[in-house]
$ cat final_7.csv   # CSV, C-alpha atoms and all ligand atoms
chain,number,residue,atom,x,y,z
V,1,MET,CA,29.7,-20.9,25.8
V,2,LYS,CA,30.8,-21.9,22.4
V,3,LYS,CA,32.9,-25.0,22.5
V,4,GLU,CA,31.4,-28.4,23.0
V,5,THR,CA,33.7,-31.0,24.4
V,6,GLY,CA,34.7,-34.0,22.3
V,7,LEU,CA,34.6,-36.3,25.3
V,8,SER,CA,31.6,-38.3,26.3
V,9,PHE,CA,30.5,-36.0,29.1
V,10,PRO,CA,27.2,-37.4,29.9
V,11,GLU,CA,25.7,-35.6,32.2
V,12,GLU,CA,23.7,-33.2,33.4
V,13,ASN,CA,23.5,-34.0,37.1
V,14,LYS,CA,20.1,-33.9,38.8
V,15,PHE,CA,20.3,-30.2,39.2
V,16,GLY,CA,20.8,-29.7,35.5
V,17,PHE,CA,24.5,-28.8,35.8
V,18,LYS,CA,26.5,-29.3,32.7
V,19,VAL,CA,30.2,-29.5,31.9
V,20,TYR,CA,31.8,-26.8,29.7
V,21,ILE,CA,35.4,-26.6,28.6
V,22,PRO,CA,36.3,-22.9,28.5
V,23,ASN,CA,38.7,-21.2,26.1
V,24,GLU,CA,40.7,-18.0,26.2
V,25,GLN,CA,37.6,-16.0,24.9
V,26,ASP,CA,35.7,-16.7,28.1
V,27,VAL,CA,37.1,-13.6,29.9
V,28,GLU,CA,34.0,-13.0,31.9
V,29,MET,CA,34.0,-16.5,33.3
V,30,ALA,CA,37.8,-16.2,34.1
V,31,SER,CA,37.1,-13.0,35.9
V,32,ILE,CA,34.4,-14.6,38.1
V,33,VAL,CA,36.6,-17.6,39.0
V,34,SER,CA,39.5,-15.2,39.8
V,35,GLY,CA,37.1,-13.2,42.0
V,36,TRP,CA,36.1,-16.4,43.9
V,37,THR,CA,39.7,-17.2,44.6
V,38,SER,CA,40.2,-14.0,46.5
V,39,GLU,CA,36.8,-13.8,48.0
V,40,PHE,CA,36.3,-17.3,49.4
V,41,GLY,CA,39.5,-17.4,51.5
V,42,ASN,CA,41.4,-20.7,52.1
V,43,MET,CA,42.6,-20.6,48.5
V,44,LEU,CA,45.7,-19.3,46.6
V,45,PRO,CA,44.4,-16.2,44.8
V,46,LYS,CA,44.6,-16.4,41.0
V,47,THR,CA,44.6,-13.4,38.7
V,48,VAL,CA,42.2,-13.2,35.7
V,49,ASP,CA,45.3,-13.8,33.5
V,50,GLN,CA,46.3,-16.9,35.4
V,51,VAL,CA,42.8,-18.3,35.1
V,52,LEU,CA,42.7,-17.4,31.4
V,53,GLY,CA,46.0,-19.3,31.0
V,54,PHE,CA,44.3,-22.5,32.3
V,55,PHE,CA,41.4,-21.9,29.9
V,56,LYS,CA,43.8,-21.3,27.0
V,57,SER,CA,45.7,-24.6,27.7
V,58,GLY,CA,42.3,-26.5,27.8
V,59,ASP,CA,43.1,-27.4,31.5
V,60,SER,CA,39.9,-26.0,33.1
V,61,ILE,CA,36.4,-27.4,33.6
V,62,LEU,CA,33.5,-25.1,34.3
V,63,ILE,CA,30.2,-26.4,35.6
V,64,ILE,CA,27.2,-24.2,34.5
V,65,ASN,CA,23.5,-24.4,35.2
V,66,ASP,CA,20.7,-24.6,32.8
V,67,GLN,CA,20.5,-20.7,32.8
V,68,GLY,CA,24.2,-20.4,31.8
V,69,MET,CA,25.2,-19.3,35.3
V,70,LEU,CA,28.7,-20.3,36.5
V,71,VAL,CA,28.4,-22.9,39.2
V,72,SER,CA,31.9,-24.4,39.8
V,73,HIS,CA,35.4,-24.6,38.5
V,74,ALA,CA,38.5,-26.9,38.7
V,75,ALA,CA,41.7,-27.0,36.6
V,76,ILE,CA,45.1,-28.4,36.3
V,77,THR,CA,46.9,-25.5,37.9
V,78,SER,CA,50.5,-26.7,37.9
V,79,SER,CA,52.7,-29.4,36.4
V,80,TYR,CA,55.8,-30.8,38.1
V,81,PRO,CA,58.6,-33.3,37.5
V,82,ASN,CA,57.8,-36.9,36.9
V,83,ASN,CA,54.5,-35.9,35.3
V,84,TRP,CA,52.8,-34.9,38.5
V,85,LYS,CA,49.9,-32.5,37.9
V,86,GLU,CA,48.0,-30.5,40.5
V,87,VAL,CA,44.2,-30.2,40.4
V,88,GLY,CA,43.4,-26.9,42.0
V,89,THR,CA,41.4,-23.6,42.0
V,90,VAL,CA,38.4,-25.8,42.9
V,91,ALA,CA,35.6,-23.5,43.8
V,92,THR,CA,31.8,-23.4,43.8
V,93,ASN,CA,29.5,-20.4,43.7
V,94,LYS,CA,28.1,-20.1,47.2
V,95,GLU,CA,24.5,-20.4,46.0
V,96,PHE,CA,25.2,-23.9,44.6
V,97,ARG,CA,27.3,-25.6,47.2
V,98,ASN,CA,26.7,-29.2,48.3
V,99,MET,CA,24.9,-30.1,45.0
V,100,GLY,CA,27.8,-32.1,43.6
V,101,ALA,CA,29.2,-29.4,41.3
V,102,ALA,CA,32.8,-29.5,42.5
V,103,SER,CA,32.8,-33.3,42.4
V,104,MET,CA,31.7,-33.0,38.8
V,105,ALA,CA,34.3,-30.4,38.0
V,106,VAL,CA,37.2,-32.4,39.6
V,107,THR,CA,36.0,-35.7,38.0
V,108,GLU,CA,35.9,-34.1,34.6
V,109,VAL,CA,39.4,-32.5,35.0
V,110,ILE,CA,40.8,-35.9,35.8
V,111,LYS,CA,39.1,-37.5,32.8
V,112,LEU,CA,40.2,-34.7,30.5
V,113,THR,CA,43.8,-34.9,31.7
V,114,LEU,CA,44.1,-38.7,31.5
V,115,LYS,CA,42.6,-38.6,28.1
V,116,LYS,CA,45.3,-36.2,27.0
V,117,ASP,CA,48.1,-38.1,28.7
V,118,GLY,CA,47.4,-41.4,30.4
V,119,THR,CA,50.7,-41.4,32.3
V,120,SER,CA,49.8,-38.2,34.2
V,121,LYS,CA,49.9,-38.5,38.0
V,122,LEU,CA,47.3,-36.3,39.6
V,123,PHE,CA,47.0,-34.9,43.1
V,124,ALA,CA,45.3,-32.1,44.9
V,125,LEU,CA,46.3,-30.1,48.0
V,126,ALA,CA,43.2,-30.0,50.2
V,127,ASN,CA,42.0,-27.7,52.9
V,128,GLN,CA,39.6,-28.9,55.5
V,129,PHE,CA,36.6,-28.2,53.2
V,130,SER,CA,37.9,-29.7,50.0
V,131,ALA,CA,39.3,-32.7,51.9
V,132,LYS,CA,35.7,-33.8,52.4
V,133,LEU,CA,35.1,-33.5,48.7
V,134,PHE,CA,38.2,-35.6,47.7
V,135,GLU,CA,37.4,-38.2,50.3
V,136,LYS,CA,33.8,-38.6,49.0
V,137,LEU,CA,35.4,-39.1,45.5
V,138,GLY,CA,37.4,-42.0,47.0
V,139,ALA,CA,40.8,-40.3,47.1
V,140,ASN,CA,43.5,-41.3,49.6
V,141,THR,CA,45.9,-39.0,51.3
V,142,MET,CA,49.6,-39.0,50.4
V,143,LEU,CA,52.8,-38.3,52.3
V,144,SER,CA,54.1,-34.9,51.4
V,145,THR,CA,57.5,-36.6,50.6
V,146,GLU,CA,55.8,-38.6,47.8
V,147,LEU,CA,55.4,-35.4,45.8
V,148,PRO,CA,58.2,-33.3,44.1
V,149,GLN,CA,59.8,-30.7,46.4
V,150,GLU,CA,58.7,-28.0,44.0
V,151,VAL,CA,55.0,-28.6,45.0
V,152,TRP,CA,55.8,-26.8,48.3
V,153,ASP,CA,57.4,-23.7,46.7
V,154,PRO,CA,54.1,-21.6,46.7
V,155,CYS,CA,54.0,-22.0,50.5
V,156,LYS,CA,56.7,-19.4,50.7
V,157,GLY,CA,54.3,-16.8,49.3
V,158,CYS,CA,51.4,-18.0,51.6
V,159,ARG,CA,50.2,-15.6,54.3
V,160,LEU,CA,50.6,-18.4,56.8
V,161,PHE,CA,54.2,-19.2,56.0
V,162,LYS,CA,56.7,-18.8,58.8
V,163,LYS,CA,60.4,-18.9,58.4
V,164,PRO,CA,62.1,-21.7,60.3
V,165,GLU,CA,62.5,-20.5,63.9
V,166,GLY,CA,63.6,-22.2,67.1
V,167,GLY,CA,64.0,-25.5,65.4
V,168,ILE,CA,60.4,-25.5,64.1
V,169,ILE,CA,60.2,-25.9,60.3
V,170,PHE,CA,57.0,-24.6,58.6
V,171,GLN,CA,54.7,-27.4,57.2
V,172,CYS,CA,52.0,-26.8,54.7
V,173,CYS,CA,48.6,-26.8,56.3
V,174,ASP,CA,47.0,-28.5,53.2
V,175,THR,CA,46.8,-32.3,52.9
V,176,PRO,CA,47.9,-34.0,49.6
V,177,TYR,CA,45.3,-36.4,48.0
V,178,LYS,CA,46.2,-38.7,45.2
V,179,LEU,CA,43.6,-38.4,42.4
V,180,THR,CA,45.0,-40.6,39.6
V,181,ASP,CA,43.2,-43.8,40.6
V,182,ILE,CA,39.8,-42.7,41.7
V,183,LEU,CA,38.1,-43.3,38.4
V,184,THR,CA,39.4,-46.8,38.0
C,201,LIG,C1,35.1,-27.0,48.7
C,201,LIG,C2,34.1,-26.6,47.7
C,201,LIG,C3,34.8,-26.4,46.4
C,201,LIG,C4,33.1,-27.8,47.6
C,201,LIG,O1,32.2,-27.5,46.5
C,201,LIG,P1,30.8,-28.2,46.3
C,201,LIG,O2,30.3,-27.9,44.9
C,201,LIG,O3,29.9,-27.7,47.4
C,201,LIG,O4,31.2,-29.7,46.5
C,201,LIG,P2,30.3,-31.0,46.3
C,201,LIG,O5,28.8,-30.6,46.3
C,201,LIG,O6,30.7,-31.7,45.1
C,201,LIG,O7,30.6,-31.8,47.6
C,201,LIG,C5,31.0,-33.1,47.6
C,201,LIG,C6,30.7,-33.7,48.9
C,201,LIG,O8,31.5,-33.2,49.9
C,201,LIG,C7,30.7,-32.6,51.0
C,201,LIG,N1,31.2,-31.3,51.3
C,201,LIG,C8,31.6,-30.4,50.5
C,201,LIG,N2,32.0,-29.3,51.2
C,201,LIG,C9,31.8,-29.6,52.5
C,201,LIG,C10,32.0,-28.9,53.7
C,201,LIG,N3,32.5,-27.7,53.8
C,201,LIG,N4,31.7,-29.5,54.9
C,201,LIG,C11,31.1,-30.8,54.9
C,201,LIG,N5,30.9,-31.5,53.7
C,201,LIG,C12,31.3,-30.9,52.6
C,201,LIG,C13,29.3,-32.4,50.3
C,201,LIG,O9,28.3,-32.6,51.3
C,201,LIG,C14,29.3,-33.5,49.3
C,201,LIG,O10,28.8,-34.7,49.9
C,201,LIG,P3,27.5,-35.3,49.3
C,201,LIG,O11,27.8,-35.7,47.9
C,201,LIG,O12,27.2,-36.5,50.2
C,201,LIG,O13,26.4,-34.2,49.4
C,201,LIG,C15,33.3,-25.3,48.1
C,201,LIG,O14,32.8,-25.5,49.4
C,201,LIG,C16,34.1,-24.1,47.9
C,201,LIG,O15,34.1,-23.4,46.9
C,201,LIG,N6,34.8,-23.7,49.0
C,201,LIG,C17,35.6,-22.5,49.0
C,201,LIG,C18,36.8,-22.6,48.2
C,201,LIG,C19,37.7,-23.7,48.7
C,201,LIG,O16,38.0,-23.9,49.9
C,201,LIG,N7,38.2,-24.5,47.7
C,201,LIG,C20,39.1,-25.6,47.9
C,201,LIG,C21,40.5,-25.2,47.6
C,201,LIG,S1,41.6,-26.6,47.8
$ encode --input "final_7.csv" --output "structure tokens"
Amino acid sequence: MKKETGLSFPEENKFGFKVYIPNEQDVEMASIVSGWTSEFGNMLPKTVDQVLGFFKSGDSILIINDQGMLVSHAAITSSYPNNWKEVGTVATNKEFRNMGAASMAVTEVIKLTLKKDGTSKLFALANQFSAKLFEKLGANTMLSTELPQEVWDPCKGCRLFKKPEGGIIFQCCDTPYKLTDILT
């Protein structure tokens, strides 16, 4: 908990949650986030090194409470052609769900990314739970064909992936949401 952000992050929300931009020294926090990705299900697991990579690039936002406990995380997890960037690894500590923490983390990731590069195009792949979160934030769904083909490559490593069989082609079970415009 060393680095203060240079952006005008206001807020404390009403539960006293604050925004923190982690760096590569926050190994303990990276380990907790990595643990969540395998424990919570419905998410692509991320190793501690992968999460530390997001921290190192300045692409993660952590939400912490007034006692310094880790509440929530979101990050830019991948970049694609045409300046598309994916907001992912969105997860909230089970004790602090439905208190606005993930909304805060996602909003701050969007602000941070657009501040670095205003031409970025942001999206997220939502499961049934995070879809509610993105809809509350005002995001619209996209057609999968609006995104670069590379976005769907990780599906091949997904436990739900099925090779094309009997004329049926696998489709990702996540829904893409466009996040670029929700703050304007
Ligand atoms: C999805 C997840 C990140 C939401 O985190 P959160 O901090 O509880 O989200 P928020 O409090 O910001 O929720 C925003 C809104 O969506 C609603 N919402 C969030 N999850 C919901 C759910 N499972 N069912 C119904 N509504 C939900 C909240 O009620 C809230 O609405 P409100 O502002 O009217 O109260 C959290 O449930 C989680 O970590 N799930 C497991 C990991 C996961 O599935 N991540 C998504 C990967 S794409």
$ closest_atom_pairs --input "final_7.csv" --of "chain V" --to "ligand LIG 201 (chain C)" --cutoff "6 Å" --atoms "all atoms listed in the file" --output "JSON lines"
{"residue": "V:Phe40", "atom": "CA", "partner": "C:LIG201", "partner_atom": "C17", "distance": 5.3}
{"residue": "V:Asn42", "atom": "CA", "partner": "C:LIG201", "partner_atom": "O16", "distance": 5.2}
{"residue": "V:Met43", "atom": "CA", "partner": "C:LIG201", "partner_atom": "C21", "distance": 5.1}
{"residue": "V:Thr89", "atom": "CA", "partner": "C:LIG201", "partner_atom": "C21", "distance": 5.9}
{"residue": "V:Val90", "atom": "CA", "partner": "C:LIG201", "partner_atom": "N7", "distance": 5.0}
{"residue": "V:Ala91", "atom": "CA", "partner": "C:LIG201", "partner_atom": "O15", "distance": 3.4}
{"residue": "V:Thr92", "atom": "CA", "partner": "C:LIG201", "partner_atom": "O15", "distance": 3.9}
{"residue": "V:Arg97", "atom": "CA", "partner": "C:LIG201", "partner_atom": "O3", "distance": 3.3}
{"residue": "V:Asn98", "atom": "CA", "partner": "C:LIG201", "partner_atom": "O5", "distance": 3.2}
{"residue": "V:Met99", "atom": "CA", "partner": "C:LIG201", "partner_atom": "O5", "distance": 4.1}
{"residue": "V:Gly100", "atom": "CA", "partner": "C:LIG201", "partner_atom": "O5", "distance": 3.2}
{"residue": "V:Ala101", "atom": "CA", "partner": "C:LIG201", "partner_atom": "O2", "distance": 4.1}
{"residue": "V:Ala102", "atom": "CA", "partner": "C:LIG201", "partner_atom": "O2", "distance": 3.8}
{"residue": "V:Ser103", "atom": "CA", "partner": "C:LIG201", "partner_atom": "O6", "distance": 3.8}
{"residue": "V:Leu125", "atom": "CA", "partner": "C:LIG201", "partner_atom": "S1", "distance": 5.9}
{"residue": "V:Ala126", "atom": "CA", "partner": "C:LIG201", "partner_atom": "S1", "distance": 4.5}
{"residue": "V:Asn127", "atom": "CA", "partner": "C:LIG201", "partner_atom": "S1", "distance": 5.2}
{"residue": "V:Phe129", "atom": "CA", "partner": "C:LIG201", "partner_atom": "N3", "distance": 4.2}
{"residue": "V:Ser130", "atom": "CA", "partner": "C:LIG201", "partner_atom": "C1", "distance": 4.1}
{"residue": "V:Lys132", "atom": "CA", "partner": "C:LIG201", "partner_atom": "O8", "distance": 4.9}
{"residue": "V:Leu133", "atom": "CA", "partner": "C:LIG201", "partner_atom": "O8", "distance": 3.8}
{"residue": "V:Lys136", "atom": "CA", "partner": "C:LIG201", "partner_atom": "C6", "distance": 5.8}
$ write_last_selection --input "final_7.csv" --atoms "C-alpha atoms" --output "JSON list (two decimals), in the frame of the given file"
[["chain", "number", "residue", "atom", "x", "y", "z"],
["V", 40, "PHE", "CA", 36.30, -17.30, 49.40],
["V", 42, "ASN", "CA", 41.40, -20.70, 52.10],
["V", 43, "MET", "CA", 42.60, -20.60, 48.50],
["V", 89, "THR", "CA", 41.40, -23.60, 42.00],
["V", 90, "VAL", "CA", 38.40, -25.80, 42.90],
["V", 91, "ALA", "CA", 35.60, -23.50, 43.80],
["V", 92, "THR", "CA", 31.80, -23.40, 43.80],
["V", 97, "ARG", "CA", 27.30, -25.60, 47.20],
["V", 98, "ASN", "CA", 26.70, -29.20, 48.30],
["V", 99, "MET", "CA", 24.90, -30.10, 45.00],
["V", 100, "GLY", "CA", 27.80, -32.10, 43.60],
["V", 101, "ALA", "CA", 29.20, -29.40, 41.30],
["V", 102, "ALA", "CA", 32.80, -29.50, 42.50],
["V", 103, "SER", "CA", 32.80, -33.30, 42.40],
["V", 125, "LEU", "CA", 46.30, -30.10, 48.00],
["V", 126, "ALA", "CA", 43.20, -30.00, 50.20],
["V", 127, "ASN", "CA", 42.00, -27.70, 52.90],
["V", 129, "PHE", "CA", 36.60, -28.20, 53.20],
["V", 130, "SER", "CA", 37.90, -29.70, 50.00],
["V", 132, "LYS", "CA", 35.70, -33.80, 52.40],
["V", 133, "LEU", "CA", 35.10, -33.50, 48.70],
["V", 136, "LYS", "CA", 33.80, -38.60, 49.00]]
$ atom_distance --input "final_7.csv" --atom1 "CA of Ser78 (chain V)" --atom2 "CA of Phe96 (chain V)"
26.3 Å
$ residues_around --input "final_7.csv" --residues "Ile64 (chain V)" --least-positions-apart "5" --cutoff "6 Å" --atoms "all atoms listed in the file" --output "PyMOL selection string"
chain V and resi 17-18+69-71
$ atom_distance --input "final_7.csv" --atom1 "CA of Val106 (chain V)" --atom2 "CA of Asn93 (chain V)"
14.8 Å
$ residues_around --input "final_7.csv" --residues "Thr113 (chain V)" --least-positions-apart "3" --cutoff "10 Å" --atoms "all atoms listed in the file" --output "list in words"
Gly58, Asp59, Ser60, Ala75, Ile76, Lys85, Val87, Glu108, Val109, Ile110, Lys116, Asp117, Gly118, Thr119, Ser120, Lys121, Leu122 and Thr180 of chain V
$ decode --input "final_7.csv" --residues "region 115-146 of chain V" --atoms "C-alpha atoms" --output "PDB file, in the first residue's frame"
ATOM      1  CA  LYS V 115      -6.342   8.505 -19.326  1.00  0.00           C
ATOM      2  CA  LYS V 116      -3.272   6.617 -20.621  1.00  0.00           C
ATOM      3  CA  ASP V 117      -4.667   6.291 -24.151  1.00  0.00           C
ATOM      4  CA  GLY V 118      -7.946   7.944 -25.070  1.00  0.00           C
ATOM      5  CA  THR V 119      -8.247   5.890 -28.253  1.00  0.00           C
ATOM      6  CA  SER V 120      -8.467   2.581 -26.362  1.00  0.00           C
ATOM      7  CA  LYS V 121     -11.549   0.491 -27.030  1.00  0.00           C
ATOM      8  CA  LEU V 122     -12.626  -1.430 -23.979  1.00  0.00           C
ATOM      9  CA  PHE V 123     -14.746  -4.516 -23.579  1.00  0.00           C
ATOM     10  CA  ALA V 124     -15.387  -7.286 -21.098  1.00  0.00           C
ATOM     11  CA  LEU V 125     -16.517 -10.865 -21.489  1.00  0.00           C
ATOM     12  CA  ALA V 126     -19.226 -11.377 -18.924  1.00  0.00           C
ATOM     13  CA  ASN V 127     -20.565 -14.466 -17.276  1.00  0.00           C
ATOM     14  CA  GLN V 128     -24.107 -14.520 -15.876  1.00  0.00           C
ATOM     15  CA  PHE V 129     -22.952 -12.810 -12.662  1.00  0.00           C
ATOM     16  CA  SER V 130     -20.738 -10.082 -14.023  1.00  0.00           C
ATOM     17  CA  ALA V 131     -23.294  -9.355 -16.787  1.00  0.00           C
ATOM     18  CA  LYS V 132     -25.498  -7.841 -14.070  1.00  0.00           C
ATOM     19  CA  LEU V 133     -22.632  -5.669 -12.945  1.00  0.00           C
ATOM     20  CA  PHE V 134     -21.854  -4.403 -16.474  1.00  0.00           C
ATOM     21  CA  GLU V 135     -25.513  -3.760 -17.187  1.00  0.00           C
ATOM     22  CA  LYS V 136     -25.830  -1.727 -13.976  1.00  0.00           C
ATOM     23  CA  LEU V 137     -22.872   0.313 -15.202  1.00  0.00           C
ATOM     24  CA  GLY V 138     -24.805   1.034 -18.408  1.00  0.00           C
ATOM     25  CA  ALA V 139     -22.793  -1.161 -20.797  1.00  0.00           C
ATOM     26  CA  ASN V 140     -24.352  -2.618 -23.947  1.00  0.00           C
ATOM     27  CA  THR V 141     -23.750  -6.079 -25.330  1.00  0.00           C
ATOM     28  CA  MET V 142     -21.743  -6.506 -28.539  1.00  0.00           C
ATOM     29  CA  LEU V 143     -21.769  -9.047 -31.322  1.00  0.00           C
ATOM     30  CA  SER V 144     -18.825 -11.415 -30.996  1.00  0.00           C
ATOM     31  CA  THR V 145     -17.961 -10.543 -34.603  1.00  0.00           C
ATOM     32  CA  GLU V 146     -17.316  -6.905 -33.583  1.00  0.00           C
TER      33      GLU V 146
END
